[in-house]
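**Student:** The file below is upload34.pdb, PDB, C-alpha atoms:
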ATOM      1  CA  MET A   1     -52.893  47.857  57.895
ATOM      2  CA  ASN A   2     -49.123  48.154  58.177
ATOM      3  CA  LYS A   3     -47.617  46.846  54.947
ATOM      4  CA  TYR A   4     -44.841  45.162  56.902
ATOM      5  CA  ALA A   5     -46.955  43.501  59.611
ATOM      6  CA  LEU A   6     -46.075  40.080  58.175
ATOM      7  CA  LEU A   7     -42.480  40.498  59.322
ATOM      8  CA  LYS A   8     -43.649  39.666  62.842
ATOM      9  CA  GLU A   9     -44.810  36.267  61.541
ATOM     10  CA  VAL A  10     -41.371  35.090  60.409
ATOM     11  CA  SER A  11     -40.682  31.956  62.444
ATOM     12  CA  GLN A  12     -37.158  31.145  63.548
ATOM     13  CA  ALA A  13     -38.415  27.685  64.547
ATOM     14  CA  ASN A  14     -39.588  27.057  60.978
ATOM     15  CA  LEU A  15     -36.256  28.147  59.561
ATOM     16  CA  GLU A  16     -34.323  25.934  61.939
ATOM     17  CA  ARG A  17     -36.551  22.948  61.184
ATOM     18  CA  GLU A  18     -36.098  23.336  57.414
ATOM     19  CA  VAL A  19     -32.319  23.561  57.710
ATOM     20  CA  LYS A  20     -32.100  20.543  59.993
ATOM     21  CA  GLN A  21     -34.313  18.444  57.700
ATOM     22  CA  LEU A  22     -32.199  19.162  54.651
ATOM     23  CA  ALA A  23     -28.855  18.837  56.408
ATOM     24  CA  THR A  24     -29.554  15.592  58.249
ATOM     25  CA  ARG A  25     -31.981  13.585  56.119
ATOM     26  CA  TRP A  26     -29.377  12.755  53.442
ATOM     27  CA  PRO A  27     -25.592  12.537  53.774
ATOM     28  CA  THR A  28     -25.226  14.852  50.777
ATOM     29  CA  ARG A  29     -27.351  16.855  48.340
ATOM     30  CA  HIS A  30     -24.716  16.696  45.593
ATOM     31  CA  THR A  31     -26.629  16.959  42.319
ATOM     32  CA  LEU A  32     -24.933  13.877  40.885
ATOM     33  CA  SER A  33     -25.481  11.743  43.990
ATOM     34  CA  LYS A  34     -27.953   8.883  44.259
ATOM     35  CA  HIS A  35     -30.133  11.059  46.501
ATOM     36  CA  HIS A  36     -31.034  13.661  43.872
ATOM     37  CA  LEU A  37     -34.536  12.446  43.022
ATOM     38  CA  ALA A  38     -35.451  11.809  46.657
ATOM     39  CA  ILE A  39     -34.435  15.363  47.551
ATOM     40  CA  VAL A  40     -36.413  16.760  44.620
ATOM     41  CA  GLY A  41     -39.451  14.850  45.857
ATOM     42  CA  HIS A  42     -38.959  16.248  49.351
ATOM     43  CA  LEU A  43     -38.814  19.819  48.028
ATOM     44  CA  GLU A  44     -41.960  19.275  45.992
ATOM     45  CA  GLY A  45     -43.659  17.992  49.123
ATOM     46  CA  ARG A  46     -42.649  21.075  51.070
ATOM     47  CA  PHE A  47     -44.152  23.359  48.414
ATOM     48  CA  GLN A  48     -47.323  21.270  48.421
ATOM     49  CA  ALA A  49     -47.573  21.554  52.205
ATOM     50  CA  LEU A  50     -47.489  25.331  51.788
ATOM     51  CA  GLY A  51     -50.371  25.236  49.315
ATOM     52  CA  TYR A  52     -48.413  25.500  46.062
ATOM     53  CA  ALA A  53     -48.436  23.291  42.969
ATOM     54  CA  PRO A  54     -44.742  22.568  42.339
ATOM     55  CA  LYS A  55     -43.227  21.798  38.962
ATOM     56  CA  ARG A  56     -39.965  20.261  37.890
ATOM     57  CA  HIS A  57     -37.730  21.951  35.380
ATOM     58  CA  VAL A  58     -35.694  19.161  33.802
ATOM     59  CA  TYR A  59     -32.355  19.761  32.123
ATOM     60  CA  SER A  60     -29.569  17.458  31.014
ATOM     61  CA  HIS A  61     -25.932  17.229  32.069
ATOM     62  CA  GLN A  62     -23.611  14.679  30.482
ATOM     63  CA  GLY A  63     -26.662  12.768  29.276
ATOM     64  CA  LYS A  64     -28.232  12.624  32.748
ATOM     65  CA  PRO A  65     -31.587  14.324  33.456
ATOM     66  CA  LEU A  66     -31.430  16.662  36.456
ATOM     67  CA  ASN A  67     -34.084  18.769  38.134
ATOM     68  CA  ASN A  68     -34.822  22.221  39.431
ATOM     69  CA  VAL A  69     -38.014  22.678  41.476
ATOM     70  CA  LEU A  70     -40.308  25.688  41.170
ATOM     71  CA  ALA A  71     -43.642  26.974  42.371
ATOM     72  CA  GLU A  72     -45.580  30.047  41.324
ATOM     73  CA  LYS A  73     -47.877  32.522  43.025
ATOM     74  CA  SER A  74     -50.105  34.141  40.430
ATOM     75  CA  GLY A  75     -51.648  37.570  40.640
ATOM     76  CA  GLY A  76     -50.855  41.096  39.621
ATOM     77  CA  SER A  77     -49.498  42.028  36.246
ATOM     78  CA  GLY A  78     -46.202  42.261  34.451
ATOM     79  CA  GLY A  79     -43.212  40.002  34.745
ATOM     80  CA  ALA A  80     -42.694  37.665  37.661
ATOM     81  CA  ILE A  81     -40.266  38.289  40.482
ATOM     82  CA  LEU A  82     -38.063  35.207  40.655
ATOM     83  CA  VAL A  83     -36.844  34.290  44.159
ATOM     84  CA  CYS A  84     -34.219  31.554  44.084
ATOM     85  CA  ALA A  85     -31.824  29.459  46.157
ATOM     86  CA  HIS A  86     -29.750  26.396  45.343
ATOM     87  CA  PHE A  87     -30.503  23.189  47.205
ATOM     88  CA  ASP A  88     -27.448  21.133  46.292
ATOM     89  CA  SER A  89     -24.352  20.741  48.442
ATOM     90  CA  ARG A  90     -20.818  19.478  47.987
ATOM     91  CA  GLN A  91     -17.654  18.554  49.817
ATOM     92  CA  GLU A  92     -14.206  19.867  48.894
ATOM     93  CA  ASN A  93     -13.744  17.136  46.276
ATOM     94  CA  LEU A  94     -16.502  17.994  43.799
ATOM     95  CA  GLY A  95     -15.782  14.751  41.967
ATOM     96  CA  ALA A  96     -16.932  12.671  44.954
ATOM     97  CA  PRO A  97     -20.735  12.920  44.733
ATOM     98  CA  GLU A  98     -21.413  10.603  47.688
ATOM     99  CA  ALA A  99     -18.969  12.272  50.106
ATOM    100  CA  PRO A 100     -20.703  13.638  53.237
ATOM    101  CA  ALA A 101     -21.836  17.208  52.608
ATOM    102  CA  PRO A 102     -24.663  18.295  54.934
ATOM    103  CA  GLY A 103     -24.621  21.820  53.500
ATOM    104  CA  ALA A 104     -26.477  23.427  56.413
ATOM    105  CA  ASN A 105     -25.276  26.957  55.753
ATOM    106  CA  ASP A 106     -24.489  26.362  52.067
ATOM    107  CA  ASN A 107     -27.304  26.392  51.224
ATOM    108  CA  ALA A 108     -30.036  24.879  53.361
ATOM    109  CA  THR A 109     -30.282  28.347  54.920
ATOM    110  CA  GLY A 110     -31.246  29.934  51.609
ATOM    111  CA  VAL A 111     -33.795  27.191  50.928
ATOM    112  CA  ALA A 112     -35.291  27.681  54.394
ATOM    113  CA  VAL A 113     -35.678  31.432  53.864
ATOM    114  CA  LEU A 114     -37.320  30.845  50.497
ATOM    115  CA  PHE A 115     -39.858  28.433  51.999
ATOM    116  CA  GLU A 116     -40.642  30.759  54.911
ATOM    117  CA  VAL A 117     -41.219  33.700  52.578
ATOM    118  CA  ALA A 118     -43.348  31.522  50.294
ATOM    119  CA  ARG A 119     -45.420  30.479  53.313
ATOM    120  CA  LEU A 120     -46.066  34.030  54.465
ATOM    121  CA  LEU A 121     -46.876  35.414  51.015
ATOM    122  CA  LYS A 122     -49.111  32.536  49.877
ATOM    123  CA  ASN A 123     -52.359  34.395  50.629
ATOM    124  CA  THR A 124     -51.042  37.946  50.369
ATOM    125  CA  PRO A 125     -52.238  39.899  47.312
ATOM    126  CA  MET A 126     -49.265  41.140  45.283
ATOM    127  CA  ARG A 127     -48.838  43.478  42.324
ATOM    128  CA  HIS A 128     -46.421  41.058  40.656
ATOM    129  CA  PRO A 129     -46.511  37.286  40.248
ATOM    130  CA  LEU A 130     -43.887  35.486  42.313
ATOM    131  CA  ARG A 131     -41.877  32.500  41.161
ATOM    132  CA  PHE A 132     -39.937  30.504  43.730
ATOM    133  CA  VAL A 133     -37.154  28.394  42.208
ATOM    134  CA  LEU A 134     -34.827  25.907  43.897
ATOM    135  CA  PHE A 135     -31.822  25.183  41.717
ATOM    136  CA  SER A 136     -29.675  22.073  41.513
ATOM    137  CA  GLY A 137     -26.166  22.045  40.088
ATOM    138  CA  GLU A 138     -25.064  25.371  41.553
ATOM    139  CA  GLU A 139     -21.934  23.694  42.846
ATOM    140  CA  GLN A 140     -21.136  22.381  39.338
ATOM    141  CA  ASN A 141     -20.710  25.889  37.928
ATOM    142  CA  LEU A 142     -24.384  26.939  38.040
ATOM    143  CA  LEU A 143     -25.772  24.103  35.923
ATOM    144  CA  GLY A 144     -29.424  24.372  36.920
ATOM    145  CA  SER A 145     -29.705  28.146  36.849
ATOM    146  CA  THR A 146     -27.809  28.372  33.555
ATOM    147  CA  ALA A 147     -30.245  25.954  31.920
ATOM    148  CA  TYR A 148     -33.290  27.707  33.371
ATOM    149  CA  ALA A 149     -32.112  31.252  32.618
ATOM    150  CA  SER A 150     -31.389  30.268  29.017
ATOM    151  CA  GLU A 151     -34.890  28.839  28.714
ATOM    152  CA  CYS A 152     -36.438  32.000  30.160
ATOM    153  CA  LYS A 153     -34.505  34.117  27.671
ATOM    154  CA  ALA A 154     -35.394  31.854  24.735
ATOM    155  CA  LYS A 155     -39.081  32.122  25.652
ATOM    156  CA  GLY A 156     -38.846  35.895  25.896
ATOM    157  CA  GLU A 157     -39.929  35.923  29.539
ATOM    158  CA  LYS A 158     -40.093  39.414  31.006
ATOM    159  CA  LEU A 159     -38.906  38.684  34.523
ATOM    160  CA  THR A 160     -39.126  41.814  36.659
ATOM    161  CA  LEU A 161     -36.110  40.859  38.754
ATOM    162  CA  VAL A 162     -34.201  37.894  40.184
ATOM    163  CA  PHE A 163     -33.570  37.752  43.951
ATOM    164  CA  ASN A 164     -31.012  35.169  45.077
ATOM    165  CA  LEU A 165     -30.422  33.630  48.515
ATOM    166  CA  ASP A 166     -27.107  31.822  48.981
ATOM    167  CA  GLU A 167     -25.332  31.240  52.318
ATOM    168  CA  VAL A 168     -27.267  33.368  54.776
ATOM    169  CA  GLY A 169     -26.391  31.849  58.143
ATOM    170  CA  TYR A 170     -22.885  32.931  59.197
ATOM    171  CA  PRO A 171     -22.680  36.639  60.088
ATOM    172  CA  ASP A 172     -19.772  38.988  60.459
ATOM    173  CA  LYS A 173     -19.161  40.558  63.874
ATOM    174  CA  ALA A 174     -21.702  43.319  63.198
ATOM    175  CA  LYS A 175     -24.258  40.779  61.906
ATOM    176  CA  SER A 176     -24.515  42.803  58.691
ATOM    177  CA  LEU A 177     -26.709  41.582  55.858
ATOM    178  CA  PHE A 178     -24.764  41.881  52.637
ATOM    179  CA  LEU A 179     -26.876  43.261  49.787
ATOM    180  CA  ASP A 180     -25.769  42.025  46.368
ATOM    181  CA  ARG A 181     -25.383  44.746  43.747
ATOM    182  CA  ASP A 182     -24.720  44.121  40.071
ATOM    183  CA  GLU A 183     -21.493  45.912  39.196
ATOM    184  CA  GLY A 184     -20.331  44.108  36.069
ATOM    185  CA  GLY A 185     -21.413  41.731  33.341
ATOM    186  CA  VAL A 186     -24.117  43.259  31.162
ATOM    187  CA  PRO A 187     -23.894  47.004  31.902
ATOM    188  CA  SER A 188     -27.480  47.828  30.920
ATOM    189  CA  ASN A 189     -28.947  46.249  34.067
ATOM    190  CA  ASN A 190     -26.487  47.639  36.631
ATOM    191  CA  ALA A 191     -28.333  50.866  37.410
ATOM    192  CA  ALA A 192     -31.588  49.023  38.105
ATOM    193  CA  SER A 193     -29.809  46.647  40.481
ATOM    194  CA  ALA A 194     -28.149  49.571  42.277
ATOM    195  CA  LYS A 195     -31.559  51.209  42.720
ATOM    196  CA  LEU A 196     -32.968  48.029  44.291
ATOM    197  CA  VAL A 197     -30.026  47.786  46.674
ATOM    198  CA  ALA A 198     -30.404  51.429  47.676
ATOM    199  CA  ARG A 199     -34.047  50.796  48.509
ATOM    200  CA  MET A 200     -33.097  47.701  50.520
ATOM    201  CA  GLU A 201     -30.645  49.795  52.512
ATOM    202  CA  VAL A 202     -33.506  52.100  53.494
ATOM    203  CA  LEU A 203     -35.760  49.168  54.410
ATOM    204  CA  ALA A 204     -33.000  47.542  56.442
ATOM    205  CA  ARG A 205     -32.457  50.735  58.421
ATOM    206  CA  THR A 206     -36.082  51.813  58.917
ATOM    207  CA  VAL A 207     -38.144  48.588  58.891
ATOM    208  CA  VAL A 208     -35.996  45.522  59.573
ATOM    209  CA  LYS A 209     -33.560  47.422  61.826
ATOM    210  CA  VAL A 210     -30.432  45.537  60.793
ATOM    211  CA  PRO A 211     -27.000  46.716  59.593
ATOM    212  CA  THR A 212     -26.059  46.189  55.947
ATOM    213  CA  LYS A 213     -23.059  46.239  53.661
ATOM    214  CA  ILE A 214     -22.782  46.049  49.876
ATOM    215  CA  ASP A 215     -21.470  42.966  48.091
ATOM    216  CA  PRO A 216     -20.974  42.505  44.334
ATOM    217  CA  VAL A 217     -23.086  40.021  42.419
ATOM    218  CA  GLU A 218     -20.873  37.020  41.698
ATOM    219  CA  ALA A 219     -20.571  33.220  41.645
ATOM    220  CA  SER A 220     -24.157  32.228  42.358
ATOM    221  CA  ASP A 221     -27.420  31.482  40.579
ATOM    222  CA  TYR A 222     -28.322  35.039  39.634
ATOM    223  CA  VAL A 223     -25.278  35.295  37.360
ATOM    224  CA  PRO A 224     -26.779  33.448  34.340
ATOM    225  CA  PHE A 225     -29.835  35.726  34.543
ATOM    226  CA  GLU A 226     -27.624  38.814  34.740
ATOM    227  CA  GLN A 227     -25.785  37.635  31.642
ATOM    228  CA  HIS A 228     -29.103  37.498  29.795
ATOM    229  CA  GLY A 229     -29.877  41.085  30.782
ATOM    230  CA  TYR A 230     -32.238  40.499  33.706
ATOM    231  CA  VAL A 231     -32.071  42.719  36.782
ATOM    232  CA  VAL A 232     -30.591  40.833  39.744
ATOM    233  CA  THR A 233     -29.875  41.262  43.433
ATOM    234  CA  GLY A 234     -29.922  39.122  46.563
ATOM    235  CA  LEU A 235     -28.587  38.503  50.048
ATOM    236  CA  TYR A 236     -25.358  36.979  51.290
ATOM    237  CA  GLU A 237     -23.743  36.507  54.692
ATOM    238  CA  GLY A 238     -20.671  38.626  54.324
ATOM    239  CA  GLU A 239     -16.985  39.129  54.055
ATOM    240  CA  TYR A 240     -15.645  36.463  56.419
ATOM    241  CA  ARG A 241     -15.016  33.095  54.852
ATOM    242  CA  TYR A 242     -17.200  30.443  56.470
ATOM    243  CA  PRO A 243     -14.714  27.963  58.035
ATOM    244  CA  HIS A 244     -16.921  24.947  57.239
ATOM    245  CA  TYR A 245     -17.417  25.882  53.570
ATOM    246  CA  HIS A 246     -17.716  22.726  51.439
ATOM    247  CA  LYS A 247     -16.839  20.478  54.364
ATOM    248  CA  SER A 248     -18.536  17.641  56.194
ATOM    249  CA  THR A 249     -18.658  19.963  59.220
ATOM    250  CA  ASP A 250     -21.190  22.350  57.619
ATOM    251  CA  THR A 251     -23.844  21.179  60.073
ATOM    252  CA  PRO A 252     -26.872  22.954  61.642
ATOM    253  CA  ASP A 253     -25.071  23.706  64.902
ATOM    254  CA  LYS A 254     -22.793  26.093  62.963
ATOM    255  CA  VAL A 255     -25.729  28.212  61.762
ATOM    256  CA  ASP A 256     -26.804  31.443  63.491
ATOM    257  CA  PHE A 257     -30.575  31.066  63.238
ATOM    258  CA  ALA A 258     -31.337  34.518  64.611
ATOM    259  CA  TYR A 259     -29.297  35.871  61.703
ATOM    260  CA  VAL A 260     -31.149  33.624  59.230
ATOM    261  CA  THR A 261     -34.371  35.079  60.652
ATOM    262  CA  SER A 262     -33.097  38.577  59.882
ATOM    263  CA  MET A 263     -32.369  37.439  56.335
ATOM    264  CA  ALA A 264     -35.936  36.155  55.989
ATOM    265  CA  ARG A 265     -37.375  39.386  57.368
ATOM    266  CA  MET A 266     -35.228  41.421  54.966
ATOM    267  CA  THR A 267     -36.352  39.325  51.996
ATOM    268  CA  LEU A 268     -39.971  39.642  53.028
ATOM    269  CA  ALA A 269     -39.742  43.387  53.594
ATOM    270  CA  PHE A 270     -38.192  43.877  50.158
ATOM    271  CA  LEU A 271     -40.891  41.842  48.399
ATOM    272  CA  LEU A 272     -43.695  43.552  50.287
ATOM    273  CA  ASP A 273     -42.225  46.942  49.460
ATOM    274  CA  TYR A 274     -41.713  46.157  45.790
ATOM    275  CA  ALA A 275     -44.738  44.068  44.934
ATOM    276  CA  LYS A 276     -47.547  44.568  47.467
TER     277      LYS A 276
END
Since I need it in another form, could you write the structure as structure tokens?

**Tutor:**
Amino acid sequence: MNKYALLKEVSQANLEREVKQLATRWPTRHTLSKHHLAIVGHLEGRFQALGYAPKRHVYSHQGKPLNNVLAEKSGGSGGAILVCAHFDSRQENLGAPEAPAPGANDNATGVAVLFEVARLLKNTPMRHPLRFVLFSGEEQNLLGSTAYASECKAKGEKLTLVFNLDEVGYPDKAKSLFLDRDEGGVPSNNAASAKLVARMEVLARTVVKVPTKIDPVEASDYVPFEQHGYVVTGLYEGEYRYPHYHKSTDTPDKVDFAYVTSMARMTLAFLLDYAK
């Protein structure tokens, strides 16, 4: 059977539905808003609907308990591949936690891709365990991922790699998928990241049939893992600043869902290539 046959099963309708649910059900997903626990419960429910047993990772910020949400797919050997996206949103004034911030592109798109990939890989045998993690507090300087990465390091977890999805719904004119390559930070993991990106370039050209460009790893939830020496990469939407970034106008009608579908297919192709 063709290793990449699952790519045909990626559903644009599923991706659009996930984004619309997250962007319209609550006025904001700001981590410090009154909606935090309700959103966490919703994310747990989505994992459960896909056949997973979700867990909360609880951390503290200014004396307040906050939550990341994760689910694991066992199987294979060695360290887990961690696939992550942040679920929180914000408006321009970060200090206004109840200000409207639908966060459709930033980052309901990344969450939607993660769920779609988790759905398609649920019953697919893999050579590596998979760990799907949805982080809170990304908009407050990576709070959730910093806490979780530190815990992974303290426990001596041998994560195989960290794959991040953040803002994947607003393409450049060529509709290029930007592949995130580690070019700084801890130098010992840069070569491994570059090798992953080179392989993704081949997959993009030969399997997914989409154009790509290279983007440096920066300012998202893979950074705390990189700083602890883990190998990181991910996908991003590109070089043009999204005009609705951190605004109340970041709504689902601004998202290019065909492009989000390409992002999901690229993520799936990479995981199938690496771990199947």

**Student:** Applied to the shown file, which residues does the PyMOL selection byres ((chain A and resi 234) around 10) return, written as a ChimeraX atom specification?

**Tutor:** /A:83-85,162-166,178-182,193,196-197,200,215-217,220,222,232-233,235-236,267

**Student:** I'd like to see the residues matched by the PyMOL selection byres ((chain A and resi 48) around 12) on this file, and ideally I'd get them as a list in words.

**Tutor:**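 Selected by the PyMOL selection byres ((chain A and resi 48) around 12) here: Gly41, His42, Leu43, Glu44, Gly45, Arg46, Phe47, Ala49, Leu50, Gly51, Tyr52, Ala53, Pro54, Lys55, Val69, Leu70, Ala71, Glu72, Phe115, Ala118, Arg119 and Lys122 of chain A.
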
**Student:** Written as a list in words, what is the full residue list that the PyMOL selection byres ((chain A and resi 138) around 10) yields on the file shown?

**Tutor:** His30, Thr31, Ala85, His86, Phe87, Asp88, Ser89, Arg90, Asn107, Phe135, Ser136, Gly137, Glu139, Gln140, Asn141, Leu142, Leu143, Gly144, Ser145, Thr146, Ala219, Ser220 and Asp221 of chain A

**Student:** With distances taken over all atoms listed in the file, which residue among A:Ala269, A:Leu82, A:Leu66, A:Leu6 lies nearest Thr160 (chain A)?

**Tutor:**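 Distance minimum relative to Thr160 (chain A) lands on A:Leu82.
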
**Student:** Out of A:Ala204, A:Ser74, A:Thr212, A:Tyr230, which residue has the shortest atom-to-atom distance to Ala191 (chain A) when counting all atoms listed in the file?

**Tutor:**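 Once distances to Ala191 (chain A) are computed over all atoms listed in the file, the minimum belongs to A:Tyr230.
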
**Student:** Need the shell around region 174-177 of chain A: protein/DNA/RNA residues with any atom at most 10 Å away, counting only C-alpha atoms. Skip same-chain ones fewer than 3 positions apart. Format as a list in words?

**Tutor:**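 Skipping anything fewer than 3 positions along the chain leaves Val168, Gly169, Tyr170, Pro171, Asp180, Glu201, Ala204, Val210, Pro211, Thr212, Lys213, Ile214, Asp215, Leu235, Tyr236, Glu237, Gly238, Glu239, Asp256, Ala258, Tyr259, Val260, Ser262, Met263 and Met266 of chain A.
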
**Student:** Please save C-alpha atoms of the selected residues as a PDB file, keeping the file's coordinate frame.

**Tutor:**
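Everything below was put into again14.pdb:
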ATOM      1  CA  VAL A 168     -27.267  33.368  54.776  1.00  0.00           C
ATOM      2  CA  GLY A 169     -26.391  31.849  58.143  1.00  0.00           C
ATOM      3  CA  TYR A 170     -22.885  32.931  59.197  1.00  0.00           C
ATOM      4  CA  PRO A 171     -22.680  36.639  60.088  1.00  0.00           C
ATOM      5  CA  ASP A 180     -25.769  42.025  46.368  1.00  0.00           C
ATOM      6  CA  GLU A 201     -30.645  49.795  52.512  1.00  0.00           C
ATOM      7  CA  ALA A 204     -33.000  47.542  56.442  1.00  0.00           C
ATOM      8  CA  VAL A 210     -30.432  45.537  60.793  1.00  0.00           C
ATOM      9  CA  PRO A 211     -27.000  46.716  59.593  1.00  0.00           C
ATOM     10  CA  THR A 212     -26.059  46.189  55.947  1.00  0.00           C
ATOM     11  CA  LYS A 213     -23.059  46.239  53.661  1.00  0.00           C
ATOM     12  CA  ILE A 214     -22.782  46.049  49.876  1.00  0.00           C
ATOM     13  CA  ASP A 215     -21.470  42.966  48.091  1.00  0.00           C
ATOM     14  CA  LEU A 235     -28.587  38.503  50.048  1.00  0.00           C
ATOM     15  CA  TYR A 236     -25.358  36.979  51.290  1.00  0.00           C
ATOM     16  CA  GLU A 237     -23.743  36.507  54.692  1.00  0.00           C
ATOM     17  CA  GLY A 238     -20.671  38.626  54.324  1.00  0.00           C
ATOM     18  CA  GLU A 239     -16.985  39.129  54.055  1.00  0.00           C
ATOM     19  CA  ASP A 256     -26.804  31.443  63.491  1.00  0.00           C
ATOM     20  CA  ALA A 258     -31.337  34.518  64.611  1.00  0.00           C
ATOM     21  CA  TYR A 259     -29.297  35.871  61.703  1.00  0.00           C
ATOM     22  CA  VAL A 260     -31.149  33.624  59.230  1.00  0.00           C
ATOM     23  CA  SER A 262     -33.097  38.577  59.882  1.00  0.00           C
ATOM     24  CA  MET A 263     -32.369  37.439  56.335  1.00  0.00           C
ATOM     25  CA  MET A 266     -35.228  41.421  54.966  1.00  0.00           C
TER      26      MET A 266
END

**Student:** When you draw a straight line from CA of His244 (chain A) to CA of Val111 (chain A), how long is it in Å?

**Tutor:**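 Result for CA of His244 (chain A) versus CA of Val111 (chain A): 18.2 Å, one decimal.
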
**Student:** My list of candidates is A:Gly75, A:Pro65, A:Gly103, A:Gly110. Which is closest to Val133 (chain A) when distances are computed with only C-alpha atoms?

**Tutor:**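 Nearest to Val133 (chain A): A:Gly110.
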
**Student:** Pick out the residues sitting within 12 Å of Lys20 (chain A), and hand them over as a list of chain:residue names; count all atoms listed in the file, and ignore anything fewer than 3 positions along from it in its own chain.

**Tutor:**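 My list of contacting residues is A:Ala13, A:Asn14, A:Leu15, A:Glu16, A:Arg17, A:Ala23, A:Thr24, A:Arg25, A:Trp26, A:Pro102, A:Gly103, A:Ala104, A:Asn105, A:Asn107, A:Ala108, A:Thr109, A:Val111, A:Ala112, A:Asp250, A:Thr251, A:Pro252, A:Asp253, A:Lys254, A:Val255, A:Phe257.
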
**Student:** Rounded to one decimal place, report the CA of Thr206 (chain A)-CA of Glu183 (chain A) distance in Å.

**Tutor:**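 About the pair CA of Thr206 (chain A) and CA of Glu183 (chain A): they are 25.2 Å apart.
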
**Student:** Can you tell me which residues surround Gly79 (chain A) at a distance of at most 10 Å, considering only C-alpha atoms, apart from same-chain residues fewer than 3 positions away, and format the answer as a count of residues only?

**Tutor:** 11

**Student:** In Å, rounded to a single decimal, give me how far CA of Gln62 (chain A) is from CA of Gly229 (chain A).

**Tutor:** 27.1 Å

**Student:** Using all atoms listed in the file, pick whichever of A:Ala275, A:Leu268, A:Val223, A:Val207 has the shortest atom-to-atom distance to Leu114 (chain A).

**Tutor:**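 Answer, going by the shortest atom-to-atom distance: A:Leu268.
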
**Student:** Between A:Ser248, A:Asn67, A:Gln227, A:Thr28, which has the minimum distance to Val186 (chain A) (counting all atoms listed in the file)?

**Tutor:**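 The answer is A:Gln227, which sits nearest to Val186 (chain A).
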
**Student:** Which neighbours of His228 (chain A) fall inside 10 Å, counting all atoms listed in the file, when residues of the same chain fewer than 2 positions from it are skipped, and could you give them as a VMD selection string?

**Tutor:** chain A and resid 146 149 to 150 152 to 154 185 to 186 189 223 to 226 230 to 231

**Student:** With distances taken over all atoms listed in the file, which of A:Glu92, A:Asp172, A:Asp273, A:Glu18 is nearest to Val113 (chain A)?

**Tutor:** A:Glu18
